[in-house]
Each structure stands twice: as C-alpha cells, then as structure tokens.
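*Asks:* Have a look at this one before I ask anything.
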Protein chains: 4
Amino acid sequence: MAGNSFGDLFRITTFGESHGPGVGVVIDGCPSRISLSTEDFTVDMARRRPGRHAIDTPRNETDQVEILSGVFEGLTTGAPITLFIRNRDANSKPYEVLRQLFRPGHADYTYFKKYGHFDFKGGGRASARETAARVAAGVVARKILAPPRISIRAYTLELGGVRAGHIDFEQIEKNACYCPDREAAQQMEEALLKARQDKDSLGGIVEVRVNGCPAGLGEPVFDKLDADLAKAAMSVGAVKGVEIGAGFQAARFRGVENNDPITPQGFTTNRSGGILGGISNGDEIVIRTAVKPIPSIGQEQNTVNRKGQPAKLELKGRFDISAVPRIVPVLEAMVSIVLADHYLRTKALQADN
Amino acid sequence: MAGNSFGDLFRITTFGESHGPGVGVVIDGCPSRISLSTEDFTVDMARRRPGRHAIDTPRNETDQVEILSGVFEGLTTGAPITLFIRNRDANSKPYEVLRQLFRPGHADYTYFKKYGHFDFKGGGRASARETAARVAAGVVARKILAPPRISIRAYTLELGGVRAGHIDFEQIEKNACYCPDREAAQQMEEALLKARQDKDSLGGIVEVRVNGCPAGLGEPVFDKLDADLAKAAMSVGAVKGVEIGAGFQAARFRGVENNDPITPQGFTTNRSGGILGGISNGDEIVIRTAVKPIPSIGQEQNTVNRKGQPAKLELKGRFDISAVPRIVPVLEAMVSIVLADHYLRTKALQADN
Amino acid sequence: MAGNSFGDLFRITTFGESHGPGVGVVIDGCPSRISLSTEDFTVDMARRRPGRHAIDTPRNETDQVEILSGVFEGLTTGAPITLFIRNRDANSKPYEVLRQLFRPGHADYTYFKKYGHFDFKGGGRASARETAARVAAGVVARKILAPPRISIRAYTLELGGVRAGHIDFEQIEKNACYCPDREAAQQMEEALLKARQDKDSLGGIVEVRVNGCPAGLGEPVFDKLDADLAKAAMSVGAVKGVEIGAGFQAARFRGVENNDPITPQGFTTNRSGGILGGISNGDEIVIRTAVKPIPSIGQEQNTVNRKGQPAKLELKGRFDISAVPRIVPVLEAMVSIVLADHYLRTKALQADN
Amino acid sequence: MAGNSFGDLFRITTFGESHGPGVGVVIDGCPSRISLSTEDFTVDMARRRPGRHAIDTPRNETDQVEILSGVFEGLTTGAPITLFIRNRDANSKPYEVLRQLFRPGHADYTYFKKYGHFDFKGGGRASARETAARVAAGVVARKILAPPRISIRAYTLELGGVRAGHIDFEQIEKNACYCPDREAAQQMEEALLKARQDKDSLGGIVEVRVNGCPAGLGEPVFDKLDADLAKAAMSVGAVKGVEIGAGFQAARFRGVENNDPITPQGFTTNRSGGILGGISNGDEIVIRTAVKPIPSIGQEQNTVNRKGQPAKLELKGRFDISAVPRIVPVLEAMVSIVLADHYLRTKALQADN
C-alpha cells in the first residue's frame, strides 16, 4: 500500500536506505524445501556492484547477503526469507552541502514535497542502493523458475547511442557493459569515457529475453503478464519507457505485418514478444526498457533550495557515467520476480485433475 | 489475484464478457457524498462507442450505464458502486466457425492454453468490450479528482504513421480520430480508408496529459506513479509500449540535456514527464502508449486449430480498422483511476496536522 | 480496502443494498471448467430466506440468482463470476419516519458518523440482505471443495437459552431452527413464540463442523486458518463472539486436559478443534459463534435523532424474532469461502514434485 | 498471501524464528515525521519478556530492538521501518530428541504436514518468540494513535479459573500477572505455583479496553472493526476464542437487554462493546480472548513420530506455566495495530472538506 511490496503470491518487501544500516528484503511466499545459502547470492550481487568497471566510481561495496530468516538446515521452510545487505561505512560529510538543495533529475524535490523531508545523504529509498535487495530477491525467484526451466537473460542493447548489432548471449559476461555484441561493447566503453571527460552521463536501452516460459502465465485484464512486467520495469529508478515485442514499432505496422501467423511449429514472427492477451504464448518473451542518463553530473546546474530560491549546484566527487550496466542484473531480477509470482498464481488456479 | 481488480484504495473490479448479459465494474473505495447519476456516464460511454465514425463497424451499442449499488438519493454512500452495461443481442452465428481455430494476434490461443477453453464468440475477457467498464469507472475517478482540480486529456498523437504536428486540445472532440491537430486528423482518416481497402488495420500512439496534479502523488519503490501508470496502460489490450516524459528518447539524451533544471518558476524542461523518483513533481504528467494494429483483418491468414493442425482463416464481416480512437477514452479512464487511487493513498499517509 | 472484499485467491466482493436494485457478488479466482448454473443456488438461497418459518416475517423474497458473468456453455471460464439477486419492490413508506432517528443496536448511528448519512430505508450495507450474496458465493466455494471431499455443516446449537443436547445431522433440515436435536428444536420454537408475544427477540449460538479437511490448510502467523475463520464469522452482522474447539472452555482447562494426545489413529480428544498453530490437522474443525438478539423489536426504546436530541422509537411492522436460523446458511457459506481460499493458497505454495 | 503480513495501510510483515539470527518486522505505511528511537521499545519489550516473573523460565532475553531502516535523524521518513531483535545464543542440544516426535498441542505435526519439515529446535514461526516482533510493531502503532488520543489497555481477566473481581488499571503493572485486581493477582500466583508442582499448565482470559476511539473507525461488511480485531486476536498462537462486548453472553440476552439505548450522553449500556455494524461508536471498545494452557508440560504424553508410530514424550527443562501474562502486551500490540490501520483507512476515504 505504501509502495514497498511487489507480487501477490511470491511477494517481496524491500527496506533500507543507502546511509542507514543496510538494505534488505522480506520474501513471503517462497515454497519450502528449496536449497538456499549465502553463496547463492555471490555472483548476482557482484554483477550489480559498481566498481567492477574501469570507469565506475571506486566505491568498494562487497554486498554480502545475510539470511536473517526462513532457512533451516540449508532449505527454505516456507516462512518469510529475509535477506540483509549491510552498508559499508560511508563518509557522510560530502553530503552536508546538499541538505538545502534539490539535485536536478533526482527525487529530492518530490520526496520533500511528499514527506516533508528528504534524505540528502544518499537519496533514501530512491537510491540505487535499494536495487541490491531486488537482485537478492531475484536469486530466490530464479530458484522457483529452475524446475520449469524458465531462463531469463538481460543485456545492454544500446548505450549512449551505440546499439548492439546482434545478440550473442556468450558475450554478455565478457564485457563491463553486459553487451551481447563484442564490437558494440567497445564503442560503448569509448562513449562512456568520452562522457566522463565532458562531466556528463549517458542513457541506453536494456533488453530482457525469457526462454522456456510455458504458455498460460499471466492473468487477464489488469494483471496481464506484460502489464506486470511493465510495472516491474518502470519501478526501477532510471527507467522511462517499456515495450514488449515490437513495442513502439507496432504502432507503425499494419495488421498483416504484426499478426504473428500461427503454424504447428509456433508463431512465425514474434511481434507480440511472447505475450497475447496478457498471457504467455510459449514463445520467447522480449522486453525493452529505456534508461535515462544518470542525473548526477559534474557540471554546474540550476536548482532551488528548500525555500524555493534559485541556486547553483556543482556536485563534487566521482559519479557513475551510466546506470545501464548496473540495471541489467536488476531488470533480470525484476523479470524473474514477476515470472515466479505468475508461475505460482497459475498453479493455484489450475483445475484439479 | 486472478487479475480482474486494479487499485488499492480506489479499487475497481471489472467483470463480464461481450457475449454474456453485459459488462460491469464494482468500485470499492469511493468516498461518500459525491453526486452520481446515470447521466454522468453518457458522454464518456458515447466517446468509447464504436460506430461513431464513418469507417467504424456499424454495431449499435448504446452503452447505457445502470447503477446497481452504492448510490442513495443521488449521492454515493461509501458502499461499493456497481455499474452495469447490458450487451445488446448479438447474433452468435458468425462465430461458430471460430470454435476450432485460433485467430492470429488474438488471445484465443493463450486463453485455451490457460483455461482449457476460449470464448470463440467474442474473446471473453480479452474482448475490447471489457473496456466499457473501465470507462465507466473512470467517470467516478474523475469525480474524485475534480475538487483538487486534476484534469486528464488523452488524444491520438499518431495513427497509421501520421503524427500530429501540434497539440490543440480544442480540436480533439472535433474529429473522429480524437486528434489534436486538424490537418493530421484528415490524413489519419485517409490512412484509415486506405487500410480498409487493403483489408488491413492500423496502429498508432495515444498520448495522455495530466494537468493540475499536485506534487507528492505516488509511492516510492514499487508503486511509483509511473510504474502504476505503465501497468494501467499496458493492461489495455492492444498496448505494446509505454513511455513517460522523454521516454525512449531519454535513452539517447545526455544527463545535461535530460536533467530538467529547477527554477523558482518550475522545471525548465519536462523531460521527466512530471514524475521524479516515482512521485509527481507538480509539472504536467505526459504518458505515451504504443497501440498495435487490430488483429482482426479480412485477409486470409495462417493459423492452427485446437489440435495444432495448420489451417487457413479468413474472417468475415466488417472490422474496426484501428483501436486507437476507441482507446483514447479508455486510457483517459485508466490514468484517472491511477490518480484517484494515489490521491486517496497520499491523503491516508499524510501526517496529521 | 474499503471492506467489501474477502479472501486472497478465492476472492469475493459483495455489493448492493436492501432497497436498491439488488445485492450481488463478484467472485474472482474460481478455477475454470466447473459446472455452474442458476439451479445450483436454489436450495441454499431458500434456506437463507425469511418466511420459511411460521414465526418469520412474511416477506416473500424468492431470491433468484442471476449469473451475470464468468460462465460459458455451462462451465466456469476462470473469469470473474458475478451473481446478482434482484430486490423485490419494497414499500419504502414505513421507513420514512426513520430518517431522523437511529435505531438502537443497529448500525444507523455509526454509518451516520462515518459517512455523513445512513440508509434509513433498510440499513444499506449493514442490512442482513447483504448476506444473500455471501450464501450465493458459498455455493461456488463448495464446488471447489467438492473434489477434495471437504464438507461443511452449520446448525443452531443454542437459541434463546435452549441448547441442543446432541448433534444429529439428519435432523437439521427437518426443523425451521436448523437444530440437530429434534426435542430442543421444539423448545426453541416455543421460546421464539414466547419472545414474539413479548415484542422481544432472541440470540443464540451457531456451530459449524468441517469434515474431510486435509491437514495443511492455513498459513502461519496472521492468516492462520482459525484467524481467518474468526474474521469471517465476526464479519456477519449479529455475531459477537467466535471460538474454535474447546474455545473459552480451554481458558479453564489445564495443559494435560487440553493437549490432545496424538495416536496413530489421530488425536484422542479434539480440544484444538482441528487446528494447530493455525493449520488444519486433519481432524474435524469445530467453530462456534455467538449471535446477538435481533435489535429490531416492537417495544418502545430510547434513542436520539440526527441532532443528538433524545427521542422515543417504537418500530412498527413484523420482525424476525431471531437471526440465528438465517445465520446458519450464512456461516456455512463463510466457512466454505475461507476453506476454498486456503485450499487454493495451499496448492499454490506446495512444492513442485 | 503466505500469511506473514497484517493490515492494509499500516501493514506489518513479521519474520524470523526462535533459533535463527532473530525475529523482526517491516512496517510499511507509517506516516513520516514521527519521532522514533530504540528507547521507545524498552518498556514494551520488557513487559513481553519471560523471566520477569518468579515462576517463569529463567531465560534471559533482553530483547533489544534495532532499527534497520525508515528513521532519519530521529524521525520516521515514510519509508518502511524495519525492527530487528536478535536471538541470544540458545543451546540447541535439548531439542535434538524432538527431531522425530511431534509435541502434543504444538504446531509440529501441522507444519510437518504442510511444509514437509518442522523446526524442532523451537517451533519456527509458531514459536511465541515471533510475538516479540508484534510488540515492537505495536509501539509504532501507538505512536500513530497518540495524536487522536486513542489509548489501549490489556490485562489478565482470568487465570487458572481465578477471575478479577474488578478492574483497576493502576494495579496492572504492579503484579507479574498483569491483573487489574490485587487480590485476584495473588490467587493467580498461587494457582501458577500449584500448577508447576503438578507439572501442568494454565490458561485464562485476557481483556483489552480501548478508550478515546472516535466513532467511525472500521469498514462495513468484511473489514468490520470487530472482524479485524477477532482475526488479530486469533492470530496469536494460544488464543482459542474472541468476543466483543457482551460476547457469548449476548447469545442468551433478549433484544431489550442487549440493545444499548441511546441517549444524548451516549449508550446507557455497552453490550455492543463499542462497535455497531462493524464501526466504532465512540464508546469504550471491549475485547476478551480465551488463552489455552501452554502445551509444553513436564508430564509424560502420548504422541507419534514422523513415521506415525506411537511414542512417549516427556519434555525436559523448565517451562512457562501460562502464556496469559506474556500475551497481555501482545494483544495490546495487536489491537493497536488494528486501530492504527483503520485510523489511516478512515482518513483516506473521508470526504474532502
């Protein structure tokens, strides 16, 4: 209700801020008897971590996941699983100057209007730090999707105007941009370096593909699979657009081009992106999201202070140049969470045999 | 849970099929003492109605809304408001041939996989008829938004590749395409006629603008205002993409272009589309949705039957050429519903004074 | 959220008032492919109906259930099922005098305080008429419980101080009090006649027994099976107390008396009423509810008017003497609804095999 | 959905087990700008703690509450508040013998049936330890109720058959039984000592009274204030019955005795327990709950093992004799949580002025 929970049957509630003790998530609705240990989180938490990359900010978050509840003798119990990721000591001094000023493009202004205050030390709940909890929850979601063999891959399709020319899943983990096209990855790196010199930042497009999803997931009308995927994607801070299958291109197609003729071998095209009437059709699910450039930039910007008076703001320090690579594992997690939820919902309402 | 409800505090549950007694909606969470009568629905129901338009299918749905509950002596009581729209007698014969075949681009296939049957007479819950209930609910939502003076306008930004060159709200109701640019409206009409000759259909883009929304609406993290708007939009049958503000264009902007400098007079640009960190910032809210071409076309198409065998399908009858104009009032309704819900949620959690 | 829905997976939303067009219920979360027709409701609707009984008010509600949605060719589709029961024309004249006065023991006063008005014509949502929708929903719930062979029986355990001495299910339908003890039933009838002469009303105790419930239904902590049963029972207008198994008697037992020793044949006693730690244990589930006497009585009573001034109220007409018999099918329905919901929830979260 | 959350607007989700790292709660829906610090929890956590009492088990839980999220510079932020209470190192040896045997009266058997395992080390989620999280959440709920001056008092009305003869709130904190009658408190102590000698345990009745609650809280039909209170109370492990106002006594009253005549000064009796039609009427709210005797007793008991074979079980160690005193602060917390939730819900749906 207050916005920190997602999912119906596989339900996650995240909590925590970037400058408090840590961030975490309670997962309520994970079936019992699934093996789970702290090691299961290592790879995904590392993928989301900044500093992986030559051009990233050199913060050294190791992001170890503690399991505070829900696991007994190495297996989930059916009880809520609480995952907690402690924050490292952050030097809160550089933020003190921000107590009075709203950073353009950030949530400072709107949080202040809504809550009567804002967390100038790091953005509070609007901090990208919150997504660490989502990635941790995604690890558990994928465990639920493993027996039905549903696999989810996210990658950078476009960054700073450079677009991947082809999709080679093998390449994704081989470059810091999570780009499935080796050559494009190099150009993306160059674009990032150039933007850093300009004290500027870059946006891009992240694409997610789901394979092995059986037909029948998704509920009609409001909880359509694509509607829930759109919400999940748009709930990630920097995302400003979502499309499924042909997406905005479908607006210019004619019916005959867009209709995906059906054959005994499946759908001959996949304009629908694997979802018809809000329900998976067994084909590959394809989602694309537009990621805006990071608002923290080193250039001087116009803003106002808490009293509404004009002010100049020049952020100090070293910033990430693009949120795109870090959002790749977050979107992978969110898509996994949506699918785990719908997988369980579909099971619940299936007719008894 | 089974997908037919939307909203938390202002909560709607739609029901009904195109070939049963009718479609309707229960609204739970409407404050008491708001005037409401059947006349309040006339204009909006007429706007959604097909047949308004020279090129539309000549069905004659009058779409009268009955109030089955929740109103006493002309005022809402705080009890659930049930709105019901009876279906006119439909000749079910033409559909009989569809009992065995899945129409490409429709939900027949996925409903069959999910539920073990599909409503070949008219699409069941996937029928556009269901949106009549949404439009009716939107009328009530707008009543809640009237005192805080929040206004919502939707229109056709693009249809069949023709894009409005400018936005003149006065034009919207003056043409059958709900296009805010008179000249573009004429070209859209021509594109529709051409597509009909080709036995084909067209998609487009619907834009919604919200004015007067105070800063502070939307919940952080998952129930961000843009996340709920994205879900609302994507839950409308033919929608395949959603973007807020700069949307997919933001993916190619640099930070300095996208950041919306803040001045005492407001945000100098509105790349964010009126939403920062998932919370309204007081600026105009701008949402765009991609609408796919209607899948029902008169050309012969490849499909399979219930047993998975290949088949040819040639739909008979007269079809709408584009869902775009009819989706305009539906999206207006959905955006109103999201805002009414968040308006009440914000009130609930505001600090006592 | 506004209180008119119940259940998570098998979710019902009731609507309607006693003096509007009718009352109804939307059921969202019923699996597809279950046979359902209007005839399925006849028996249960008749059981709840007043006028069945020599001493009841002679209103002649036939309570025919219309299926407005969710059934196609005789089978549920998985879409929301809407059931509607039209009100018969009621003469609204006798109520006009009540526009200014709050009836003691009724919800008039609290509705007025909450909503700024109250439905003096028949109690609005607080009318017993609303329970017709619950009974209709219970019929669908029982269809879900039929394959796992879960059966639910409610009956009058006590009425006007007369208590059933033994439980003979065969007797229940043979007397107008739904009492499982023939002799007690006769004494109850006499007590009712006596109370009518006194222009007074009677309360009593309704007991519900569930047989065939497998072990494992109910969720731990807040959604315990007994917690949801308690809520369901207490949500019925006249109910003022609920107990499970030994109930209030358990407060005076010692541990050794209350512990239900476990044997290979089951629990030797059933103090727990079939529920341990909020989860069914496979034994018979036993619930008892205290029903207050009907507040509408023919004697003159003290009250106040809308302005808070003292007034005398003498209700005219013929009233039911006790809500107990009519509550029997309502509680049967509510228990069925709780079990159907938990049955589906348990299925959803069961480990895949 | 999986049962670990409670409330709609003021929503709590508890997590944790007695033999893991600790127990905790996430509160989503607390308004911003409320002062909150770890000291606020000290008194209530101490009240719930065992060992306070000569006859309690000598475990030494200090139950310090850590605030993991949601507070910034001493004030709530509107973000989720996470409270965590670490478990002290427990010697897990004595429990090893319980791996195979179900303790009578405990949830071991039902958890095993539901989840395929049970936490033989301490009951997992069914452990009374979980209630520490509820008490912590209750502290925050009471902060929300402080400005409208709603106060909640719980106490032991009856223990081991000894009943308080009168209610003196001043006495409650002066005896280890939380009994509002000094003399009865002494007799309760004696009953506890006697039961310990018998290696047996005692149940009782806890009563809660709410003063200062304005008229208008509670939603009609399903989320009646009394229905939610009944669920809240019954969700506490040992509770087997709940009644409001006259409760089960109302079943034997006649209408004229039970109707609470209304006068300008209020209701002359309070049979209704402050709630009419599910909505508070401004009078004192009165709830009573039946608490069963603690199932852990030192006497030998019959049970079965995991394979269903008969076994004898003699629990070793020192046990609490009655859950009643420890449940007093838990019920106080649960009632506070229900009221905080309904207070916010009522605010949300109140008409704008």
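By convention in this document, the chains of the structure tokens carry letters A, B, ... by their order, each chain's residues are numbered from 1, and ligands are numbered from 1 in the order they are shown.
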Might you pull out every residue within 10 Å of range 199-204 of chain C, with only C-alpha atoms counted and same-chain residues fewer than 6 positions away left off, and present them as an MDAnalysis selection string?
*Replies:* (chainID C and resid 156:163 188 191:193 238:239 289:300 318:325) or (chainID D and resid 248:258)
*Asks:* If we count only C-alpha atoms, what is near Ile67 in chain A at a cut-off of 12 Å, once residues fewer than 6 positions away on the same chain are taken out, given as a PyMOL selection string?
*Replies:* (chain A and resi 24-27+36-41+74-76+80-86+133+136-137+140) or (chain D and resi 15-17+20-23)
*Asks:* Please determine the contact residues of chain A with respect to chain C at a cut-off of 12 Å, counting only C-alpha atoms, and supply them as an NGL selection string.
*Replies:* :A and (1 or 8-11 or 28-34 or 76-80 or 143-148 or 219-221 or 340-353)
*Asks:* CA of Pro214 in chain A and CA of Ser280 in chain A are how many Å apart?
*Replies:* 7.0 Å
*Asks:* Which residue gives the smallest distance to Leu217 in chain D among C:Lys307, C:Lys113, C:Lys121, C:Arg288, with only C-alpha atoms counted?
*Replies:*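 Of C:Lys307, C:Lys113, C:Lys121, C:Arg288, the one nearest Leu217 in chain D, counting only C-alpha atoms, is C:Lys113.
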*Asks:* Can you tell me, as a PDB file with C-alpha atoms, in the first residue's frame, what residues are no more than 6 Å from Ala230 in chain B when counting only C-alpha atoms, ignoring any on the same chain fewer than 2 positions away?
*Replies:*
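Written file, around01.pdb:
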```
ATOM      1  CA  ALA A 230       5.843  -3.002 -17.382  1.00  0.00           C
ATOM      2  CA  LYS A 231       5.221  -2.064 -13.771  1.00  0.00           C
TER       3      LYS A 231
ATOM      4  CA  ASP B 226       4.895   5.981 -13.386  1.00  0.00           C
ATOM      5  CA  ALA B 227       5.036   2.259 -12.585  1.00  0.00           C
ATOM      6  CA  ASP B 228       1.314   2.186 -11.864  1.00  0.00           C
ATOM      7  CA  ALA B 232      -2.567   0.635 -16.210  1.00  0.00           C
ATOM      8  CA  ALA B 233      -1.687   1.461 -19.810  1.00  0.00           C
ATOM      9  CA  MET B 234      -0.221  -1.940 -20.619  1.00  0.00           C
ATOM     10  CA  VAL B 242       4.541   2.891 -22.598  1.00  0.00           C
TER      11      VAL B 242
END
```
*Asks:* Thr263 in chain A: which residues within 10 Å, counting only C-alpha atoms, same-chain residues fewer than 4 positions away excluded, as a ChimeraX atom specification?
*Replies:* /A:267-268 /B:302-305,308-311
*Asks:* Might you pull out every residue within 8 Å of Gly7 in chain D, with only C-alpha atoms counted and same-chain residues fewer than 5 positions away left off, and present them as number ranges by chain?
*Replies:* D: 12, 337-338, 341
*Asks:* Enumerate as number ranges by chain all residues of range 28-204 of chain B assigned to strand (DSSP E) by DSSP on the backbone, naming them with the chain letters and numbers the document uses.
*Replies:* B: 28, 65-69, 71-72, 75-76, 81-86, 151-159, 162-163, 204
*Asks:* Generate the output file for the selected residues, N, CA, C and O atoms, as an mmCIF file, in the first residue's frame.
*Replies:*
```cif
data_model
loop_
_atom_site.group_PDB
_atom_site.id
_atom_site.type_symbol
_atom_site.label_atom_id
_atom_site.label_comp_id
_atom_site.auth_asym_id
_atom_site.auth_seq_id
_atom_site.Cartn_x
_atom_site.Cartn_y
_atom_site.Cartn_z
ATOM 1 N N ASP B 28 -14.804 -0.206 -5.222
ATOM 2 C CA ASP B 28 -14.807 -0.190 -3.759
ATOM 3 C C ASP B 28 -13.759 0.817 -3.308
ATOM 4 O O ASP B 28 -12.580 0.704 -3.663
ATOM 5 N N VAL B 65 -25.369 3.000 -18.858
ATOM 6 C CA VAL B 65 -24.842 2.505 -17.587
ATOM 7 C C VAL B 65 -25.957 2.443 -16.553
ATOM 8 O O VAL B 65 -26.628 3.439 -16.294
ATOM 9 N N GLU B 66 -26.168 1.264 -15.967
ATOM 10 C CA GLU B 66 -27.077 1.119 -14.823
ATOM 11 C C GLU B 66 -26.246 1.177 -13.543
ATOM 12 O O GLU B 66 -25.180 0.570 -13.469
ATOM 13 N N ILE B 67 -26.774 1.850 -12.540
ATOM 14 C CA ILE B 67 -26.113 1.872 -11.232
ATOM 15 C C ILE B 67 -26.799 0.834 -10.358
ATOM 16 O O ILE B 67 -27.940 1.012 -9.956
ATOM 17 N N LEU B 68 -26.101 -0.275 -10.090
ATOM 18 C CA LEU B 68 -26.739 -1.360 -9.336
ATOM 19 C C LEU B 68 -26.585 -1.215 -7.836
ATOM 20 O O LEU B 68 -27.277 -1.879 -7.069
ATOM 21 N N SER B 69 -25.648 -0.380 -7.403
ATOM 22 C CA SER B 69 -25.451 -0.242 -5.950
ATOM 23 C C SER B 69 -24.610 0.986 -5.649
ATOM 24 O O SER B 69 -23.959 1.547 -6.530
ATOM 25 N N VAL B 71 -25.370 4.099 -4.491
ATOM 26 C CA VAL B 71 -25.865 5.472 -4.591
ATOM 27 C C VAL B 71 -27.226 5.536 -3.892
ATOM 28 O O VAL B 71 -28.063 4.661 -4.094
ATOM 29 N N PHE B 72 -27.408 6.538 -3.062
ATOM 30 C CA PHE B 72 -28.650 6.694 -2.301
ATOM 31 C C PHE B 72 -29.071 8.142 -2.391
ATOM 32 O O PHE B 72 -28.287 9.036 -2.059
ATOM 33 N N LEU B 75 -26.531 10.457 -4.140
ATOM 34 C CA LEU B 75 -25.167 10.620 -3.639
ATOM 35 C C LEU B 75 -24.519 9.263 -3.396
ATOM 36 O O LEU B 75 -25.200 8.315 -2.975
ATOM 37 N N THR B 76 -23.208 9.203 -3.603
ATOM 38 C CA THR B 76 -22.501 7.978 -3.236
ATOM 39 C C THR B 76 -22.598 7.814 -1.721
ATOM 40 O O THR B 76 -22.669 8.789 -0.975
ATOM 41 N N ILE B 81 -19.830 0.800 -5.467
ATOM 42 C CA ILE B 81 -20.651 1.264 -6.588
ATOM 43 C C ILE B 81 -20.529 0.227 -7.691
ATOM 44 O O ILE B 81 -19.426 -0.075 -8.140
ATOM 45 N N THR B 82 -21.661 -0.334 -8.093
ATOM 46 C CA THR B 82 -21.638 -1.302 -9.186
ATOM 47 C C THR B 82 -22.292 -0.688 -10.414
ATOM 48 O O THR B 82 -23.422 -0.212 -10.333
ATOM 49 N N LEU B 83 -21.552 -0.693 -11.499
ATOM 50 C CA LEU B 83 -22.034 -0.141 -12.759
ATOM 51 C C LEU B 83 -22.161 -1.288 -13.741
ATOM 52 O O LEU B 83 -21.245 -2.114 -13.858
ATOM 53 N N PHE B 84 -23.281 -1.337 -14.443
ATOM 54 C CA PHE B 84 -23.512 -2.473 -15.337
ATOM 55 C C PHE B 84 -23.977 -1.964 -16.690
ATOM 56 O O PHE B 84 -24.812 -1.058 -16.774
ATOM 57 N N ILE B 85 -23.408 -2.539 -17.733
ATOM 58 C CA ILE B 85 -23.744 -2.145 -19.101
ATOM 59 C C ILE B 85 -24.191 -3.404 -19.828
ATOM 60 O O ILE B 85 -23.384 -4.304 -20.085
ATOM 61 N N ARG B 86 -25.474 -3.470 -20.121
ATOM 62 C CA ARG B 86 -26.014 -4.668 -20.768
ATOM 63 C C ARG B 86 -25.507 -4.780 -22.199
ATOM 64 O O ARG B 86 -25.376 -3.782 -22.901
ATOM 65 N N SER B 151 -6.900 17.497 -14.023
ATOM 66 C CA SER B 151 -7.607 17.192 -15.269
ATOM 67 C C SER B 151 -6.754 16.317 -16.172
ATOM 68 O O SER B 151 -5.525 16.410 -16.177
ATOM 69 N N ILE B 152 -7.410 15.441 -16.903
ATOM 70 C CA ILE B 152 -6.730 14.424 -17.716
ATOM 71 C C ILE B 152 -7.247 14.514 -19.146
ATOM 72 O O ILE B 152 -8.459 14.476 -19.369
ATOM 73 N N ARG B 153 -6.354 14.620 -20.115
ATOM 74 C CA ARG B 153 -6.745 14.627 -21.530
ATOM 75 C C ARG B 153 -5.934 13.605 -22.300
ATOM 76 O O ARG B 153 -4.699 13.609 -22.237
ATOM 77 N N ALA B 154 -6.619 12.750 -23.041
ATOM 78 C CA ALA B 154 -5.944 11.801 -23.924
ATOM 79 C C ALA B 154 -6.301 12.139 -25.359
ATOM 80 O O ALA B 154 -7.358 12.733 -25.622
ATOM 81 N N TYR B 155 -5.415 11.787 -26.286
ATOM 82 C CA TYR B 155 -5.676 12.051 -27.700
ATOM 83 C C TYR B 155 -4.769 11.172 -28.554
ATOM 84 O O TYR B 155 -3.810 10.559 -28.057
ATOM 85 N N THR B 156 -5.096 11.126 -29.832
ATOM 86 C CA THR B 156 -4.308 10.354 -30.785
ATOM 87 C C THR B 156 -3.127 11.202 -31.246
ATOM 88 O O THR B 156 -3.312 12.211 -31.922
ATOM 89 N N LEU B 157 -1.936 10.787 -30.895
ATOM 90 C CA LEU B 157 -0.744 11.520 -31.323
ATOM 91 C C LEU B 157 -0.315 11.050 -32.708
ATOM 92 O O LEU B 157 0.189 11.829 -33.516
ATOM 93 N N GLU B 158 -0.517 9.757 -32.961
ATOM 94 C CA GLU B 158 -0.075 9.191 -34.236
ATOM 95 C C GLU B 158 -1.019 8.061 -34.613
ATOM 96 O O GLU B 158 -1.490 7.332 -33.756
ATOM 97 N N LEU B 159 -1.300 7.958 -35.924
ATOM 98 C CA LEU B 159 -2.167 6.866 -36.385
ATOM 99 C C LEU B 159 -1.729 6.492 -37.795
ATOM 100 O O LEU B 159 -1.653 7.349 -38.679
ATOM 101 N N VAL B 162 0.818 8.673 -39.430
ATOM 102 C CA VAL B 162 0.552 10.117 -39.464
ATOM 103 C C VAL B 162 0.650 10.663 -38.044
ATOM 104 O O VAL B 162 -0.031 10.163 -37.147
ATOM 105 N N ARG B 163 1.479 11.676 -37.855
ATOM 106 C CA ARG B 163 1.680 12.194 -36.497
ATOM 107 C C ARG B 163 1.149 13.617 -36.389
ATOM 108 O O ARG B 163 1.311 14.425 -37.307
ATOM 109 N N GLY B 204 -1.059 2.929 -33.752
ATOM 110 C CA GLY B 204 -0.745 4.327 -33.527
ATOM 111 C C GLY B 204 -0.267 4.579 -32.118
ATOM 112 O O GLY B 204 0.057 3.642 -31.373
#
```
*Asks:* Which distance in Å separates CA of Arg142 in chain A and CA of Ala126 in chain D, to one decimal?
*Replies:* 27.9 Å
